[in-house]
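So this block is entry.txt, compact mmCIF, C-alpha atoms:
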```txt
# COMPACT_ATOMS: atom_id res chain seq x y z
CA MET A 1 0.00 0.00 0.00
CA PRO A 2 1.47 3.39 -0.95
CA SER A 3 2.91 5.50 1.85
CA GLY A 4 0.40 7.99 3.23
CA THR A 5 -2.56 5.60 2.84
CA ARG A 6 -3.44 4.39 6.32
CA PHE A 7 -5.93 1.59 6.92
CA GLU A 8 -7.34 -0.33 9.86
CA VAL A 9 -9.59 -3.32 10.40
CA VAL A 10 -12.84 -2.02 11.89
CA ALA A 11 -14.70 -5.34 11.86
CA ASP A 12 -13.06 -8.76 11.75
CA SER A 13 -16.25 -10.29 10.41
CA ARG A 14 -14.59 -12.96 8.22
CA ASP A 15 -17.29 -12.49 5.61
CA ILE A 16 -17.60 -15.06 2.88
CA LEU A 17 -18.74 -12.35 0.46
CA GLY A 18 -18.90 -8.98 2.20
CA GLU A 19 -20.70 -6.42 0.05
CA SER A 20 -22.61 -3.14 -0.18
CA PRO A 21 -21.18 -0.83 2.53
CA THR A 22 -23.73 1.91 3.23
CA TRP A 23 -23.29 4.84 5.61
CA SER A 24 -26.26 6.14 7.60
CA GLY A 25 -25.60 9.74 8.57
CA THR A 26 -28.63 9.85 10.88
CA THR A 27 -27.48 6.92 13.04
CA GLY A 28 -23.71 7.10 12.62
CA CYS A 29 -23.73 3.48 11.53
CA LEU A 30 -22.22 1.61 8.62
CA TYR A 31 -24.29 -1.24 7.20
CA TRP A 32 -23.00 -4.02 4.97
CA VAL A 33 -23.96 -7.57 4.06
CA ASP A 34 -22.44 -11.02 3.83
CA LEU A 35 -24.14 -12.30 0.71
CA ARG A 36 -23.25 -15.96 1.20
CA ARG A 37 -23.85 -16.32 4.95
CA PRO A 38 -26.41 -14.54 4.53
CA CYS A 39 -26.71 -11.67 7.03
CA LEU A 40 -26.86 -7.91 7.54
CA HIS A 41 -24.12 -6.24 9.60
CA GLN A 42 -24.26 -2.90 11.41
CA LEU A 43 -21.30 -1.06 12.92
CA HIS A 44 -21.75 2.00 15.14
CA VAL A 45 -18.48 3.67 14.19
CA ALA A 46 -18.03 5.96 17.20
CA SER A 47 -18.48 3.20 19.79
CA GLY A 48 -17.34 0.19 17.76
CA ARG A 49 -20.57 -1.60 18.67
CA LYS A 50 -21.49 -4.25 16.09
CA ALA A 51 -24.75 -6.09 15.43
CA THR A 52 -25.62 -8.83 12.94
CA TRP A 53 -29.00 -10.07 11.74
CA PRO A 54 -29.41 -13.37 9.84
CA MET A 55 -31.43 -13.08 6.64
CA PRO A 56 -33.81 -15.74 5.26
CA LYS A 57 -32.35 -15.63 1.75
CA VAL A 58 -29.23 -14.52 -0.09
CA ILE A 59 -28.80 -10.78 0.48
CA GLY A 60 -27.13 -8.78 -2.26
CA ALA A 61 -27.23 -5.20 -1.00
CA VAL A 62 -28.50 -2.69 1.55
CA VAL A 63 -29.48 0.99 1.24
CA SER A 64 -30.75 3.51 3.78
CA ARG A 65 -34.41 4.50 3.96
CA GLN A 66 -35.62 8.06 4.56
CA SER A 67 -38.44 6.94 6.87
CA GLY A 68 -36.01 4.94 9.02
CA GLY A 69 -34.24 1.62 8.90
CA VAL A 70 -32.90 0.20 5.67
CA VAL A 71 -33.97 -1.59 2.51
CA VAL A 72 -32.31 -4.93 1.79
CA ALA A 73 -32.10 -6.64 -1.59
CA LEU A 74 -32.82 -10.30 -0.95
CA LYS A 75 -32.69 -12.97 -3.64
CA ASP A 76 -36.01 -12.13 -5.27
CA GLY A 77 -37.07 -8.74 -3.99
CA LEU A 78 -36.62 -5.58 -1.96
CA HIS A 79 -37.64 -5.61 1.71
CA ALA A 80 -37.78 -2.90 4.35
CA PHE A 81 -35.90 -3.88 7.50
CA ASP A 82 -36.30 -2.33 10.94
CA PRO A 83 -33.12 -3.03 12.95
CA ASP A 84 -34.82 -2.10 16.25
CA ARG A 85 -37.51 -4.74 15.79
CA SER A 86 -35.61 -7.16 13.52
CA ARG A 87 -38.58 -7.01 11.20
CA LEU A 88 -38.67 -7.58 7.42
CA VAL A 89 -41.51 -6.19 5.29
CA PRO A 90 -41.72 -7.05 1.54
CA LEU A 91 -41.75 -4.03 -0.79
CA VAL A 92 -41.17 -5.14 -4.39
CA GLN A 93 -40.83 -8.63 -5.86
CA LEU A 94 -38.45 -9.02 -8.79
CA GLU A 95 -37.89 -11.85 -11.27
CA PHE A 96 -39.97 -14.48 -9.51
CA ASP A 97 -40.05 -16.22 -12.90
CA LEU A 98 -36.23 -16.52 -12.99
CA PRO A 99 -35.36 -18.86 -10.09
CA HIS A 100 -31.64 -18.94 -10.92
CA ASN A 101 -31.34 -15.15 -10.65
CA ARG A 102 -30.68 -13.07 -7.55
CA LEU A 103 -30.27 -9.38 -6.72
CA ASN A 104 -26.64 -8.28 -6.51
CA GLU A 105 -26.27 -4.51 -6.26
CA ALA A 106 -28.35 -1.51 -5.17
CA LYS A 107 -27.84 2.24 -4.85
CA CYS A 108 -30.15 5.24 -4.53
CA ASP A 109 -30.11 8.34 -6.69
CA ALA A 110 -30.57 11.87 -5.33
CA ALA A 111 -34.33 11.68 -5.93
CA GLY A 112 -34.59 8.67 -3.61
CA ARG A 113 -35.09 5.97 -6.25
CA ILE A 114 -33.44 2.58 -5.85
CA TRP A 115 -31.35 1.26 -8.74
CA CYS A 116 -30.73 -2.47 -8.42
CA GLY A 117 -29.11 -5.12 -10.56
CA SER A 118 -29.88 -8.81 -10.90
CA MET A 119 -27.78 -11.72 -12.11
CA TRP A 120 -27.68 -15.49 -12.57
CA ASP A 121 -25.86 -16.60 -9.44
CA TYR A 122 -22.09 -16.56 -10.01
CA GLY A 123 -22.72 -14.74 -13.31
CA LEU A 124 -22.89 -17.88 -15.39
CA HIS A 125 -25.37 -16.52 -17.96
CA PRO A 126 -26.41 -13.01 -19.13
CA THR A 127 -29.92 -13.21 -17.65
CA GLY A 128 -29.51 -10.20 -15.34
CA SER A 129 -30.97 -6.72 -15.64
CA LEU A 130 -30.70 -3.23 -14.20
CA TYR A 131 -33.91 -1.89 -12.64
CA ARG A 132 -35.19 1.40 -11.24
CA VAL A 133 -37.63 1.36 -8.33
CA ASP A 134 -39.40 4.69 -7.74
CA GLY A 135 -40.69 5.95 -4.43
CA ASP A 136 -44.19 4.67 -5.26
CA LEU A 137 -42.62 1.18 -5.72
CA SER A 138 -43.19 1.18 -9.48
CA LEU A 139 -40.58 -0.92 -11.30
CA THR A 140 -38.81 -0.05 -14.57
CA ARG A 141 -36.33 -2.31 -16.39
CA ILE A 142 -33.48 -0.14 -17.65
CA ARG A 143 -31.29 -2.69 -19.45
CA GLY A 144 -30.91 -6.45 -19.84
CA ASP A 145 -28.33 -9.03 -20.95
CA VAL A 146 -26.30 -8.46 -17.76
CA CYS A 147 -24.00 -11.11 -16.24
CA VAL A 148 -22.81 -9.44 -13.01
CA ALA A 149 -24.38 -6.06 -12.16
CA ASN A 150 -22.01 -3.78 -10.25
CA ALA A 151 -20.58 -0.28 -9.72
CA ILE A 152 -23.92 1.58 -9.79
CA SER A 153 -23.16 5.20 -8.89
CA PHE A 154 -23.91 8.78 -9.91
CA SER A 155 -21.96 11.95 -10.64
CA PRO A 156 -22.27 14.83 -8.12
CA ASP A 157 -24.23 16.93 -10.62
CA ASN A 158 -26.73 14.07 -11.12
CA ARG A 159 -26.20 14.13 -14.88
CA THR A 160 -24.33 10.83 -15.29
CA ILE A 161 -24.98 7.28 -14.12
CA TYR A 162 -22.20 4.69 -13.92
CA PHE A 163 -22.55 0.91 -14.22
CA ALA A 164 -20.36 -2.14 -14.75
CA ASP A 165 -21.00 -5.68 -15.86
CA SER A 166 -18.07 -7.32 -14.11
CA ARG A 167 -17.93 -10.10 -16.69
CA LYS A 168 -17.31 -7.54 -19.43
CA GLY A 169 -14.79 -5.69 -17.24
CA GLN A 170 -15.68 -2.18 -18.36
CA ILE A 171 -17.18 0.71 -16.43
CA GLU A 172 -19.89 2.35 -18.52
CA GLN A 173 -21.60 5.72 -18.31
CA ALA A 174 -24.84 7.23 -19.60
CA ALA A 175 -26.57 10.58 -19.48
CA PHE A 176 -29.02 10.70 -16.58
CA ASP A 177 -32.08 12.89 -15.95
CA ILE A 178 -32.59 13.19 -12.20
CA ARG A 179 -36.09 14.62 -12.67
CA THR A 180 -37.51 11.71 -14.68
CA GLY A 181 -35.01 8.93 -13.94
CA ASN A 182 -34.47 8.42 -17.67
CA VAL A 183 -31.13 7.09 -18.94
CA GLY A 184 -29.48 7.81 -22.29
CA PRO A 185 -27.30 5.54 -24.44
CA TRP A 186 -24.44 3.76 -22.68
CA SER A 187 -20.77 4.20 -23.58
CA VAL A 188 -17.50 2.84 -22.20
CA LEU A 189 -15.80 5.13 -19.68
CA VAL A 190 -13.10 2.79 -18.34
CA ASP A 191 -11.62 -0.11 -20.31
CA GLY A 192 -11.26 -3.52 -18.71
CA ASP A 193 -7.44 -3.36 -18.64
CA ALA A 194 -7.30 0.05 -16.95
CA ALA A 195 -6.58 -1.51 -13.54
CA PRO A 196 -5.91 -4.99 -12.11
CA GLY A 197 -8.86 -7.29 -11.45
CA VAL A 198 -12.45 -6.65 -12.48
CA PRO A 199 -14.77 -3.79 -11.50
CA ASP A 200 -16.91 -4.48 -8.45
CA GLY A 201 -18.74 -1.97 -6.21
CA ALA A 202 -18.06 1.75 -6.54
CA THR A 203 -18.74 5.15 -5.03
CA VAL A 204 -18.13 8.75 -6.13
CA ASP A 205 -16.25 11.25 -3.97
CA ALA A 206 -16.86 14.97 -3.46
CA GLU A 207 -14.58 15.82 -6.38
CA GLY A 208 -16.56 13.62 -8.77
CA PHE A 209 -13.94 10.86 -9.00
CA ILE A 210 -15.06 7.22 -9.04
CA TRP A 211 -13.63 4.85 -6.43
CA ASN A 212 -13.87 1.25 -7.65
CA ALA A 213 -13.08 -1.97 -5.78
CA ARG A 214 -11.10 -4.26 -8.09
CA TYR A 215 -12.16 -7.84 -7.34
CA LYS A 216 -9.28 -10.33 -7.63
CA GLY A 217 -7.01 -7.33 -8.29
CA GLY A 218 -6.25 -6.60 -4.66
CA CYS A 219 -6.66 -2.86 -4.99
CA LEU A 220 -8.88 0.20 -5.18
CA ALA A 221 -8.82 2.35 -8.30
CA ARG A 222 -9.77 6.03 -8.43
CA PHE A 223 -10.90 7.15 -11.87
CA ALA A 224 -11.36 10.73 -13.03
CA PRO A 225 -14.70 11.75 -14.58
CA ASP A 226 -13.07 11.39 -18.01
CA GLY A 227 -12.09 7.77 -17.26
CA ARG A 228 -8.42 8.42 -16.59
CA LEU A 229 -6.82 6.31 -13.83
CA ASP A 230 -5.91 8.78 -11.09
CA ARG A 231 -4.79 6.56 -8.20
CA LEU A 232 -4.26 2.90 -7.43
CA ILE A 233 -4.18 1.76 -3.80
CA ASP A 234 -2.96 -1.74 -3.03
CA LEU A 235 -4.87 -3.64 -0.34
CA PRO A 236 -3.84 -6.55 1.93
CA VAL A 237 -6.57 -8.73 0.37
CA SER A 238 -7.10 -9.97 -3.18
CA GLN A 239 -10.91 -9.69 -3.21
CA PRO A 240 -12.14 -6.21 -2.27
CA THR A 241 -15.81 -6.01 -3.23
CA SER A 242 -17.13 -2.50 -2.66
CA CYS A 243 -16.49 0.82 -0.93
CA ALA A 244 -18.36 3.72 0.67
CA PHE A 245 -17.44 6.95 2.43
CA GLY A 246 -18.61 7.50 5.99
CA GLY A 247 -17.58 8.62 9.46
CA PRO A 248 -17.00 12.24 10.56
CA GLY A 249 -16.94 14.54 7.56
CA LEU A 250 -17.27 11.50 5.29
CA ARG A 251 -13.47 11.29 5.38
CA THR A 252 -13.19 7.51 5.82
CA LEU A 253 -13.45 5.06 2.94
CA PHE A 254 -14.87 1.74 4.14
CA VAL A 255 -14.05 -1.34 2.05
CA THR A 256 -15.80 -4.72 2.16
CA THR A 257 -13.85 -7.86 1.29
CA ALA A 258 -14.38 -11.57 0.64
CA THR A 259 -12.94 -14.99 1.43
CA GLN A 260 -15.05 -16.70 -1.22
CA LYS A 261 -13.15 -19.31 -3.29
CA LEU A 262 -9.79 -18.60 -1.61
CA SER A 263 -7.62 -21.67 -1.05
CA GLU A 264 -6.24 -22.56 2.39
CA SER A 265 -2.83 -21.15 1.44
CA GLU A 266 -4.43 -17.95 0.15
CA LEU A 267 -6.41 -17.58 3.36
CA GLN A 268 -3.23 -17.98 5.39
CA SER A 269 -1.44 -15.35 3.34
CA GLN A 270 -4.43 -12.97 3.54
CA PRO A 271 -5.45 -12.97 7.23
CA LEU A 272 -7.54 -9.81 6.71
CA ALA A 273 -9.66 -11.30 3.92
CA GLY A 274 -13.34 -11.03 4.82
CA SER A 275 -12.77 -8.05 7.12
CA LEU A 276 -14.24 -4.58 6.89
CA LEU A 277 -11.40 -2.15 6.26
CA ALA A 278 -11.28 1.62 6.79
CA LEU A 279 -8.89 3.83 4.81
CA ASP A 280 -7.83 7.45 4.97
CA VAL A 281 -7.57 8.41 1.29
CA CYS A 282 -7.19 12.17 1.91
CA VAL A 283 -10.42 13.09 0.15
CA ALA A 284 -14.01 13.45 1.36
CA GLY A 285 -16.95 11.49 0.05
CA ARG A 286 -20.59 12.30 -0.56
CA LEU A 287 -23.50 11.05 1.51
CA GLU A 288 -25.26 8.29 -0.40
CA PRO A 289 -28.98 9.15 -0.77
CA ALA A 290 -31.66 7.10 0.98
CA PHE A 291 -34.76 5.47 -0.49
CA ALA A 292 -37.80 7.75 -0.51
CA GLY A 293 -40.41 4.99 -0.62
```

Show how you would write the structure in this file as structure tokens.
Amino acid sequence: MPSGTRFEVVADSRDILGESPTWSGTTGCLYWVDLRRPCLHQLHVASGRKATWPMPKVIGAVVSRQSGGVVVALKDGLHAFDPDRSRLVPLVQLEFDLPHNRLNEAKCDAAGRIWCGSMWDYGLHPTGSLYRVDGDLSLTRIRGDVCVANAISFSPDNRTIYFADSRKGQIEQAAFDIRTGNVGPWSVLVDGDAAPGVPDGATVDAEGFIWNARYKGGCLARFAPDGRLDRLIDLPVSQPTSCAFGGPGLRTLFVTTATQKLSESELQSQPLAGSLLALDVCVAGRLEPAFAG
């Protein structure tokens, strides 16, 4: 890891497939999931207090909710979850006719809509899609033929949406209308060979640069709005999965990681695999919006 980039382990959760870090500014908590266990984690950053709730199905992502609690993306639908009562309430069912598919990624735009991606488990076939869920719970399919939906994020001016199909290895962009939720034609922003590994989860900082976890590449990549590689930060794990800014002033970059498919020797050489990491990357983030529904 380059000098000047400090990191610490803030949760030794040993996740099989840690994913979807989400900062709640109202509670001072970071949420994330272990997709394979499956469970929802919560870390109160100031106190270090951690809680975990088992989930009844594979859980692909979590986002905050304006009315309180969070929304979790389970295998076949979005559910509201109240951490105080440990209560799940179904909101929207997706792809009940595609039993091999599951939800994999979710983010909210500044208008409070949820954008979520689906995939055939392990990305074996291009049966996935990208969806938009509005505050009234109406569902719109944005694009299909997706293998592994990832890297959903938005520019600070709300005029560009980013997306990656990890199987293709490229980060794409499209014009975005925050008022209507409409998306223009997609184009390649970042080529697949721009950084080691493949693009996984992403977030956008206050300067409009994209931070992307590079799965199997053992690093984080920071890309400029024009697609140029700005920084590459090596990590002590080979499978970082996603990242999100949080903590005081949104100055900490939290990174989820995975132990999935690592051999015994790889696990021994990567004792921090599966942990939640926190990095000081000398730039502030932006608060991820919460679901308005």

Contact residues around Asp200 of chain A with all atoms listed in the file at 9 Å, ignoring same-chain residues under 3 positions, as a JSON list (two decimals) with C-alpha atoms, keeping the file's coordinate frame:
```
[["chain", "number", "residue", "atom", "x", "y", "z"],
["A", 148, "VAL", "CA", -22.81, -9.44, -13.01],
["A", 149, "ALA", "CA", -24.38, -6.06, -12.16],
["A", 150, "ASN", "CA", -22.01, -3.78, -10.25],
["A", 151, "ALA", "CA", -20.58, -0.28, -9.72],
["A", 164, "ALA", "CA", -20.36, -2.14, -14.75],
["A", 165, "ASP", "CA", -21.00, -5.68, -15.86],
["A", 166, "SER", "CA", -18.07, -7.32, -14.11],
["A", 212, "ASN", "CA", -13.87, 1.25, -7.65],
["A", 213, "ALA", "CA", -13.08, -1.97, -5.78],
["A", 214, "ARG", "CA", -11.10, -4.26, -8.09],
["A", 215, "TYR", "CA", -12.16, -7.84, -7.34],
["A", 240, "PRO", "CA", -12.14, -6.21, -2.27],
["A", 241, "THR", "CA", -15.81, -6.01, -3.23],
["A", 242, "SER", "CA", -17.13, -2.50, -2.66]]
```

Quick one: of A:Pro126, A:Pro56, A:Gly181, A:Gly48, who's nearest to Leu88 of chain A, counting only C-alpha atoms? A:Pro56

Point-to-point distance from atom CA of Pro38 of chain A to atom CA of Pro54 of chain A, Å rounded to tenths: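 Those two atoms sit 6.2 Å apart.
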
Atom CA of Lys216 of chain A to atom CA of Leu94 of chain A, distance in Å rounded to a single decimal: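 Atom CA of Leu94 of chain A lies at a distance of 29.2 Å from atom CA of Lys216 of chain A.
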
Find the residues near segment 258-273 of chain A: any atom within 6 Å, counting all atoms listed in the file, skip ones fewer than 3 places away on the same chain, and give them as a ChimeraX atom specification. /A:15-18,237,239

Leu250 of chain A: which residues within 10 Å, counting only C-alpha atoms, same-chain residues fewer than 2 positions away excluded, as a count of residues only? 16

Go through A:Ala111, A:Leu103, A:Leu98, A:Val10 and flag the residue nearest Val255 of chain A, using all atoms listed in the file for the distances.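 Of A:Ala111, A:Leu103, A:Leu98, A:Val10, the one nearest Val255 of chain A is A:Val10, counting all atoms listed in the file.
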
With N, CA, C and O atoms as the target, complete segment 85-100 of chain A and hand it back as a CSV table (one decimal), in the coordinates of the input.
```csv
chain,number,residue,atom,x,y,z
A,85,ARG,N,-36.5,-3.7,15.6
A,85,ARG,CA,-37.5,-4.7,15.8
A,85,ARG,C,-37.1,-6.0,15.1
A,85,ARG,O,-37.9,-7.0,15.2
A,86,SER,N,-36.0,-6.0,14.3
A,86,SER,CA,-35.6,-7.2,13.5
A,86,SER,C,-36.7,-7.6,12.6
A,86,SER,O,-37.0,-8.8,12.5
A,87,ARG,N,-37.4,-6.7,12.0
A,87,ARG,CA,-38.6,-7.0,11.2
A,87,ARG,C,-38.4,-6.7,9.7
A,87,ARG,O,-37.9,-5.6,9.3
A,88,LEU,N,-38.7,-7.7,8.9
A,88,LEU,CA,-38.7,-7.6,7.4
A,88,LEU,C,-40.1,-7.4,6.9
A,88,LEU,O,-41.0,-8.1,7.2
A,89,VAL,N,-40.2,-6.4,5.9
A,89,VAL,CA,-41.5,-6.2,5.3
A,89,VAL,C,-41.3,-6.2,3.8
A,89,VAL,O,-40.5,-5.3,3.3
A,90,PRO,N,-41.9,-7.0,3.0
A,90,PRO,CA,-41.7,-7.0,1.5
A,90,PRO,C,-42.2,-5.7,0.9
A,90,PRO,O,-43.2,-5.2,1.3
A,91,LEU,N,-41.4,-5.3,0.0
A,91,LEU,CA,-41.8,-4.0,-0.8
A,91,LEU,C,-42.0,-4.3,-2.3
A,91,LEU,O,-43.1,-4.0,-2.8
A,92,VAL,N,-41.1,-4.9,-2.9
A,92,VAL,CA,-41.2,-5.1,-4.4
A,92,VAL,C,-40.6,-6.5,-4.7
A,92,VAL,O,-39.5,-6.8,-4.3
A,93,GLN,N,-41.3,-7.3,-5.4
A,93,GLN,CA,-40.8,-8.6,-5.9
A,93,GLN,C,-40.3,-8.5,-7.3
A,93,GLN,O,-40.9,-7.8,-8.1
A,94,LEU,N,-39.1,-9.1,-7.5
A,94,LEU,CA,-38.4,-9.0,-8.8
A,94,LEU,C,-38.1,-10.4,-9.3
A,94,LEU,O,-37.7,-11.3,-8.5
A,95,GLU,N,-38.4,-10.7,-10.6
A,95,GLU,CA,-37.9,-11.8,-11.3
A,95,GLU,C,-38.3,-13.2,-10.6
A,95,GLU,O,-37.5,-14.1,-10.5
A,96,PHE,N,-39.5,-13.2,-10.1
A,96,PHE,CA,-40.0,-14.5,-9.5
A,96,PHE,C,-40.0,-15.6,-10.5
A,96,PHE,O,-40.0,-16.8,-10.2
A,97,ASP,N,-40.0,-15.2,-11.8
A,97,ASP,CA,-40.0,-16.2,-12.9
A,97,ASP,C,-38.7,-16.7,-13.3
A,97,ASP,O,-38.5,-17.5,-14.3
A,98,LEU,N,-37.6,-16.1,-12.7
A,98,LEU,CA,-36.2,-16.5,-13.0
A,98,LEU,C,-35.6,-17.1,-11.7
A,98,LEU,O,-34.8,-16.4,-11.0
A,99,PRO,N,-35.8,-18.3,-11.4
A,99,PRO,CA,-35.4,-18.9,-10.1
A,99,PRO,C,-33.8,-18.9,-9.9
A,99,PRO,O,-33.4,-19.0,-8.8
A,100,HIS,N,-33.1,-18.9,-11.0
A,100,HIS,CA,-31.6,-18.9,-10.9
A,100,HIS,C,-31.0,-17.6,-10.7
A,100,HIS,O,-29.8,-17.4,-10.4
```
